Structures are given as structure tokens and as C-alpha cells.
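Everything below belongs to model-v2.txt, which stores compact mmCIF, C-alpha atoms.
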# COMPACT_ATOMS: atom_id res chain seq x y z
CA MET A 21 10.38 15.49 1.39
CA PHE A 22 6.90 16.99 1.35
CA LYS A 23 5.32 18.77 -1.57
CA TRP A 24 1.99 20.57 -1.78
CA VAL A 25 0.08 20.01 -5.00
CA PRO A 26 -2.67 22.09 -6.69
CA GLU A 27 -6.31 21.53 -5.76
CA ASP A 28 -7.02 20.10 -9.22
CA TYR A 29 -4.09 17.62 -8.99
CA TYR A 30 -6.33 14.55 -9.28
CA SER A 31 -7.94 15.87 -12.45
CA PHE A 32 -4.57 15.68 -14.24
CA PRO A 33 -3.22 12.63 -16.10
CA LEU A 34 -0.43 10.75 -14.35
CA SER A 35 2.20 12.32 -16.61
CA LYS A 36 1.22 15.82 -15.45
CA ARG A 37 1.17 14.70 -11.80
CA ALA A 38 4.70 13.31 -12.20
CA GLU A 39 5.80 16.63 -13.70
CA ILE A 40 4.30 18.57 -10.77
CA LEU A 41 6.20 16.38 -8.30
CA GLY A 42 9.43 16.42 -10.29
CA ALA A 43 9.28 12.66 -10.76
CA GLN A 44 11.18 11.16 -13.68
CA SER A 45 8.46 8.60 -14.36
CA THR A 46 4.81 7.91 -13.60
CA PHE A 47 6.03 4.64 -12.05
CA GLN A 48 7.30 6.71 -9.09
CA LEU A 49 3.72 7.75 -8.24
CA CYS A 50 2.27 5.50 -5.56
CA LYS A 51 -0.87 5.16 -3.50
CA SER A 52 -1.68 3.42 -0.25
CA MET A 53 -4.77 1.25 -0.06
CA LEU A 54 -6.10 -0.33 3.11
CA MET A 55 -7.22 -3.88 2.40
CA GLU A 56 -9.46 -5.89 4.71
CA ASN A 57 -9.42 -9.66 5.03
CA ARG A 58 -13.15 -10.30 5.36
CA ALA A 59 -12.53 -13.96 6.16
CA PHE A 60 -10.30 -13.05 9.13
CA ASP A 61 -10.62 -15.30 12.19
CA PRO A 62 -8.72 -13.90 15.21
CA SER A 63 -8.36 -17.38 16.71
CA LEU A 64 -5.93 -18.25 13.88
CA CYS A 65 -3.38 -15.56 14.74
CA ALA A 66 -0.08 -17.06 15.83
CA SER A 67 0.54 -14.15 18.24
CA ALA A 68 -0.42 -10.55 18.90
CA GLY A 69 0.70 -8.45 15.96
CA ASP A 70 0.97 -11.52 13.70
CA ILE A 71 1.85 -10.01 10.29
CA SER A 72 1.26 -13.35 8.57
CA TYR A 73 -2.46 -13.17 9.33
CA SER A 74 -3.98 -9.76 9.96
CA LYS A 75 -7.46 -8.36 9.43
CA PHE A 76 -5.99 -5.35 7.62
CA TYR A 77 -2.96 -4.66 5.42
CA LEU A 78 -1.92 -1.31 3.95
CA VAL A 79 -0.69 -1.92 0.41
CA VAL A 80 1.64 0.64 -1.20
CA LEU A 81 1.52 0.28 -4.97
CA GLN A 82 2.19 2.28 -8.10
CA TYR A 83 -0.65 4.13 -9.81
CA GLU A 84 0.49 2.23 -12.91
CA ALA A 85 -0.57 -1.04 -11.20
CA THR A 86 -3.61 -2.67 -9.65
CA ILE A 87 -3.87 -4.91 -6.61
CA THR A 88 -4.54 -8.52 -7.53
CA THR A 89 -6.35 -9.98 -4.54
CA LYS A 90 -5.48 -13.58 -5.49
CA LYS A 91 -1.78 -12.67 -5.59
CA LEU A 92 -2.07 -10.80 -2.29
CA GLN A 93 -3.73 -13.84 -0.72
CA SER A 94 -1.08 -16.21 -2.04
CA GLU A 95 1.81 -13.99 -0.95
CA VAL A 96 0.42 -13.39 2.55
CA ARG A 97 -0.26 -17.13 2.97
CA ALA A 98 3.34 -17.84 1.95
CA ILE A 99 4.71 -15.80 4.87
CA ARG A 100 4.09 -18.80 7.11
CA PRO A 101 6.06 -22.03 6.70
CA VAL A 102 4.25 -24.60 4.53
CA ALA A 103 3.21 -26.76 7.48
CA GLN A 104 1.58 -23.76 9.21
CA ARG A 105 -0.12 -22.13 6.21
CA LEU A 106 -3.77 -21.34 6.50
CA ASP A 107 -6.35 -22.58 4.04
CA PRO A 108 -7.08 -20.14 1.19
CA SER A 109 -10.67 -19.90 2.48
CA LYS A 110 -9.29 -17.89 5.45
CA PHE A 111 -8.48 -15.00 3.11
CA ASP A 112 -10.88 -12.70 1.28
CA PHE A 113 -9.23 -9.36 0.57
CA ARG A 114 -11.35 -6.33 -0.29
CA VAL A 115 -10.78 -2.57 -0.11
CA ALA A 116 -11.57 -1.52 3.46
CA SER A 117 -14.48 0.78 4.19
CA GLU A 118 -13.90 4.53 4.48
CA GLU A 119 -14.77 4.22 8.18
CA ASP A 120 -12.14 1.55 8.83
CA ASN A 121 -9.64 3.46 6.72
CA ALA A 122 -10.13 6.65 8.78
CA ARG A 123 -10.11 4.75 12.09
CA LEU A 124 -6.90 2.82 11.38
CA THR A 125 -4.87 5.25 9.27
CA GLY A 126 -6.28 8.58 10.44
CA TYR A 127 -6.44 9.72 6.84
CA SER A 128 -9.13 10.35 4.25
CA HIS A 129 -9.34 9.21 0.61
CA ASN A 130 -6.39 10.46 -1.50
CA ALA A 131 -4.48 11.43 1.66
CA VAL A 132 -3.65 7.96 3.03
CA SER A 133 -0.01 7.62 4.00
CA PRO A 134 1.95 4.70 5.44
CA LEU A 135 3.62 7.27 7.68
CA GLY A 136 1.98 8.30 10.95
CA MET A 137 -0.95 5.89 10.92
CA LEU A 138 -3.12 5.77 14.05
CA GLU A 139 -2.92 1.98 14.39
CA ASN A 140 -0.17 -0.53 13.73
CA VAL A 141 -1.19 -2.15 10.44
CA PRO A 142 1.17 -4.41 8.47
CA ILE A 143 2.45 -2.60 5.39
CA VAL A 144 2.86 -4.37 2.07
CA LEU A 145 5.17 -2.72 -0.47
CA SER A 146 4.55 -3.91 -4.01
CA LYS A 147 7.50 -5.93 -5.27
CA ALA A 148 7.28 -4.01 -8.56
CA ILE A 149 8.45 -0.89 -6.71
CA VAL A 150 11.64 -2.57 -5.49
CA SER A 151 12.34 -4.31 -8.80
CA SER A 152 14.20 -1.21 -9.94
CA ASP A 153 18.00 -1.41 -9.97
CA ASP A 154 18.07 1.99 -8.26
CA MET A 155 16.83 1.66 -4.66
CA THR A 156 17.57 5.36 -4.12
CA GLN A 157 14.75 6.16 -6.55
CA ILE A 158 12.13 8.41 -4.98
CA ILE A 159 8.56 7.20 -4.66
CA TRP A 160 5.75 9.69 -4.09
CA MET A 161 2.79 8.84 -1.84
CA GLY A 162 -0.01 10.49 0.07
CA GLY A 163 1.31 12.81 2.75
CA GLY A 164 -1.64 12.86 5.14
CA HIS A 165 -3.55 15.67 3.41
CA ILE A 166 -5.24 15.45 0.02
CA HIS A 167 -2.96 18.18 -1.36
CA CYS A 168 0.27 17.02 0.29
CA LYS A 169 2.54 14.33 -1.12
CA VAL A 170 5.61 12.81 0.49
CA GLY A 171 8.59 11.55 -1.47
CA MET A 172 11.29 9.27 -0.16
CA ALA A 173 13.87 6.84 -1.49
CA VAL A 174 12.65 3.26 -1.72
CA SER A 175 15.59 2.12 0.41
CA ASP A 176 14.76 4.70 3.11
CA PHE A 177 11.10 3.63 3.09
CA ILE A 178 12.12 0.00 3.59
CA LYS A 179 14.46 0.90 6.45
CA ALA A 180 11.88 3.11 8.15
CA LYS A 181 8.71 1.01 7.76
CA ARG A 182 10.04 -2.56 7.31
CA PRO A 183 7.21 -3.51 4.96
CA LEU A 184 6.44 -6.93 3.60
CA VAL A 185 7.71 -6.80 0.02
CA LEU A 186 5.19 -8.93 -1.86
CA ASP A 187 4.20 -9.59 -5.45
CA ALA A 188 0.60 -8.45 -5.07
CA THR A 189 0.04 -6.25 -8.12
CA ASP A 190 -0.20 -6.41 -11.89
CA PRO A 191 0.49 -3.63 -14.39
CA ARG A 192 -2.51 -1.61 -15.56
CA ASN A 193 -3.58 -2.28 -19.14
For the structure just supplied, provide its representation as C-alpha cells.
Amino acid sequence: MFKWVPEDYYSFPLSKRAEILGAQSTFQLCKSMLMENRAFDPSLCASAGDISYSKFYLVVLQYEATITTKKLQSEVRAIRPVAQRLDPSKFDFRVASEEDNARLTGYSHNAVSPLGMLENVPIVLSKAIVSSDDMTQIIWMGGGHIHCKVGMAVSDFIKAKRPLVLDATDPRN
């Protein structure tokens, strides 16, 4: 479901944003961040579209969490069998530039959505989001416009996007 939010939405605390969206908890509020592996070496890809080693990953996480690049690195490395794992030096995750973000997703800051991206980028869904007992719980994310949000059940998101579910975040303090 799509929901338009007020222009001053991002000036509100998370609790007010959750109220605007009809969310039961601030933990249902998510964002999508494009991460770049600055140590990427295309010669190390196992095949075209290799999700175990990509230059970019779109990480969907809760606003109540932060991406931990060391955890992201470890989890992505662990996709490959032990004998085929790449050295940690082949990973250096950073937030992608606005230019790369626009080129790959087609969206601007605060509008990034894992739905309808311009390029095929592996999607990582934070394991904390699926740790809930209720997989029908709605998560809210960017809807492609700064004032549009999209909500969908976690289980539907997993069926539709087939993300990598990885432990790549830590709770905010």
C-alpha cells in the first residue's frame, strides 16, 4: 500500500512518523541504503549477477538500527562456501555516492525504494526485520518519491524481492 506523507515528515520524531503511517511501532519504519564495495574486483565474480560478490548492495534496515559494515562484510563473505570465500580485504563497504544511487536505483535521497530500481542490485534485508514472530507485520519504506511511502508485509516483501536476509545491523543507542 502507498501512503503520501506531509512535506515536513522528516522533521518529525520517529514516533510521529509511525503515527502518520499507522504503524504500531517505530521498528516498522525502514530505509533503503545503497552500499558500495570500494574494494570490488570484477575478476573475482563467480558469474554474471553473482550476489555473493557485487559492487553494490541495497540494504533495507529499520530506522531504529544502523548498518555495521564489518557485519555486512562478514555476512556477504559467508554466502560463499568456506573454500571459495574471498579474503576480507576484497570488501570495503561505504554508503554509495548520490550519483551512483540515482543511476542504479532511479531514486533520490529519502525516496529510495527496493521496488522498481533501474538496475538489478542485490537486496539485503536486515535479519532484525524478520526476527519478529509475525511475518505479516507491515514494514514501511521509501516509495520512490520523498513524500510517498510504501508498506508491505515482511513475508510479501521476501516473496517478491527474494532478498539476502543478513545480520548486518545493530540497534541504535
### Query
Any idea what's packed within 7 Å of A:Cys50, counting all atoms listed in the file, ignoring anything in its chain fewer than 5 positions away? Could you give it as a PyMOL selection string?
chain A and resi 80-83+159-161
### Query
Counting all atoms listed in the file, which of A:Pro108, A:Ile99, A:Ala180, A:Val150 gets nearest to A:Gly136?
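Ranked by minimum distance to A:Gly136, first place goes to A:Ala180.
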### Message
Between atom CA of A:Pro191 and atom CA of A:Asn57, what is the distance in Å, rounded to a tenth?
### Response
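Between atom CA of A:Pro191 and atom CA of A:Asn57 the gap works out to 22.6 Å.
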Please, what is the axis-aligned box for every listed atom of stretch 39-54 of chain A with 5 Å on each side, as centre and edge lengths in Å to one decimal, as lines of an AutoDock Vina configuration file?
center_x = 2.5
center_y = 9.1
center_z = -5.6
size_x = 27.3
size_y = 28.9
size_z = 27.5
### Query
What is the distance between atom CA of A:Ile166 and atom CA of A:Tyr29, in Å to one decimal?
9.3 Å
### Message
For stretch 66-74 of chain A, find every residue with an atom within 9 Å (counting all atoms listed in the file), except residues of its own chain fewer than 6 positions away, and show them as number ranges by chain.
### Response
A: 56-57, 60, 96-100, 106, 111, 140-143, 184
Export of the given selection (C-alpha atoms) as a PDB file, in the frame of the given file:
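Here's the written file result22.pdb:
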ATOM      1  CA  GLU A  56      -9.460  -5.890   4.710  1.00  0.00           C
ATOM      2  CA  ASN A  57      -9.420  -9.660   5.030  1.00  0.00           C
ATOM      3  CA  PHE A  60     -10.300 -13.050   9.130  1.00  0.00           C
ATOM      4  CA  VAL A  96       0.420 -13.390   2.550  1.00  0.00           C
ATOM      5  CA  ARG A  97      -0.260 -17.130   2.970  1.00  0.00           C
ATOM      6  CA  ALA A  98       3.340 -17.840   1.950  1.00  0.00           C
ATOM      7  CA  ILE A  99       4.710 -15.800   4.870  1.00  0.00           C
ATOM      8  CA  ARG A 100       4.090 -18.800   7.110  1.00  0.00           C
ATOM      9  CA  LEU A 106      -3.770 -21.340   6.500  1.00  0.00           C
ATOM     10  CA  PHE A 111      -8.480 -15.000   3.110  1.00  0.00           C
ATOM     11  CA  ASN A 140      -0.170  -0.530  13.730  1.00  0.00           C
ATOM     12  CA  VAL A 141      -1.190  -2.150  10.440  1.00  0.00           C
ATOM     13  CA  PRO A 142       1.170  -4.410   8.470  1.00  0.00           C
ATOM     14  CA  ILE A 143       2.450  -2.600   5.390  1.00  0.00           C
ATOM     15  CA  LEU A 184       6.440  -6.930   3.600  1.00  0.00           C
TER      16      LEU A 184
END
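Contact shell of A:Ile178 at 10 Å (only C-alpha atoms; same-chain neighbours under 5 positions omitted): Leu145, Val150, Met155, Ala173, Pro183, Leu184 and Val185 of chain A.
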Keeping C-alpha atoms, export the residues of the selection given above as a PDB file, in the frame of the given file.
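Listing of out_18.pdb after writing:
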ATOM      1  CA  LEU A 145       5.170  -2.720  -0.470  1.00  0.00           C
ATOM      2  CA  VAL A 150      11.640  -2.570  -5.490  1.00  0.00           C
ATOM      3  CA  MET A 155      16.830   1.660  -4.660  1.00  0.00           C
ATOM      4  CA  ALA A 173      13.870   6.840  -1.490  1.00  0.00           C
ATOM      5  CA  PRO A 183       7.210  -3.510   4.960  1.00  0.00           C
ATOM      6  CA  LEU A 184       6.440  -6.930   3.600  1.00  0.00           C
ATOM      7  CA  VAL A 185       7.710  -6.800   0.020  1.00  0.00           C
TER       8      VAL A 185
END
## Note on the structure
A:Val144 proximity check over A:Ser35, A:Asn193, A:Ser52, A:Thr89, using all atoms listed in the file: winner is A:Ser52
#### Entry: Between atom CA of A:Ile149 and atom CA of A:Phe47, distance in Å (one decimal)
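Between atom CA of A:Ile149 and atom CA of A:Phe47 the gap works out to 8.1 Å.
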### Message
Counting all atoms listed in the file, which residue out of A:Pro134, A:Leu186, A:Leu78, A:Lys110 sits closest to A:Val170?
### Response
A:Pro134
### Query
Closest to A:Ala43 among A:Asp187, A:Arg123, A:Ala85, A:Lys169, using only C-alpha atoms?
A:Lys169
### Query
So which one's closest to A:Leu92, A:Arg182, A:His165, A:Arg37, A:Arg114? Using all atoms listed in the file, please.
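Selected residue with least distance to A:Leu92: A:Arg114.
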Close residues, A:Met53 itself excluded, 9 Å, only C-alpha atoms, min 5 positions apart in chain, as a PDB file with C-alpha atoms, keeping the file's coordinate frame:
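So the final result, stored in result.pdb, reads:
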ATOM      1  CA  TYR A  77      -2.960  -4.660   5.420  1.00  0.00           C
ATOM      2  CA  LEU A  78      -1.920  -1.310   3.950  1.00  0.00           C
ATOM      3  CA  VAL A  79      -0.690  -1.920   0.410  1.00  0.00           C
ATOM      4  CA  VAL A  80       1.640   0.640  -1.200  1.00  0.00           C
ATOM      5  CA  LEU A  81       1.520   0.280  -4.970  1.00  0.00           C
ATOM      6  CA  VAL A 115     -10.780  -2.570  -0.110  1.00  0.00           C
ATOM      7  CA  ALA A 116     -11.570  -1.520   3.460  1.00  0.00           C
ATOM      8  CA  ASN A 121      -9.640   3.460   6.720  1.00  0.00           C
ATOM      9  CA  VAL A 132      -3.650   7.960   3.030  1.00  0.00           C
ATOM     10  CA  SER A 133      -0.010   7.620   4.000  1.00  0.00           C
TER      11      SER A 133
END
### Query
Of the candidates A:Glu119, A:Asp28, A:Glu95, A:Glu84, which shows the shortest atom-to-atom distance to A:Ser45, using all atoms listed in the file?
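That would be A:Glu84, the residue with the smallest distance to A:Ser45.
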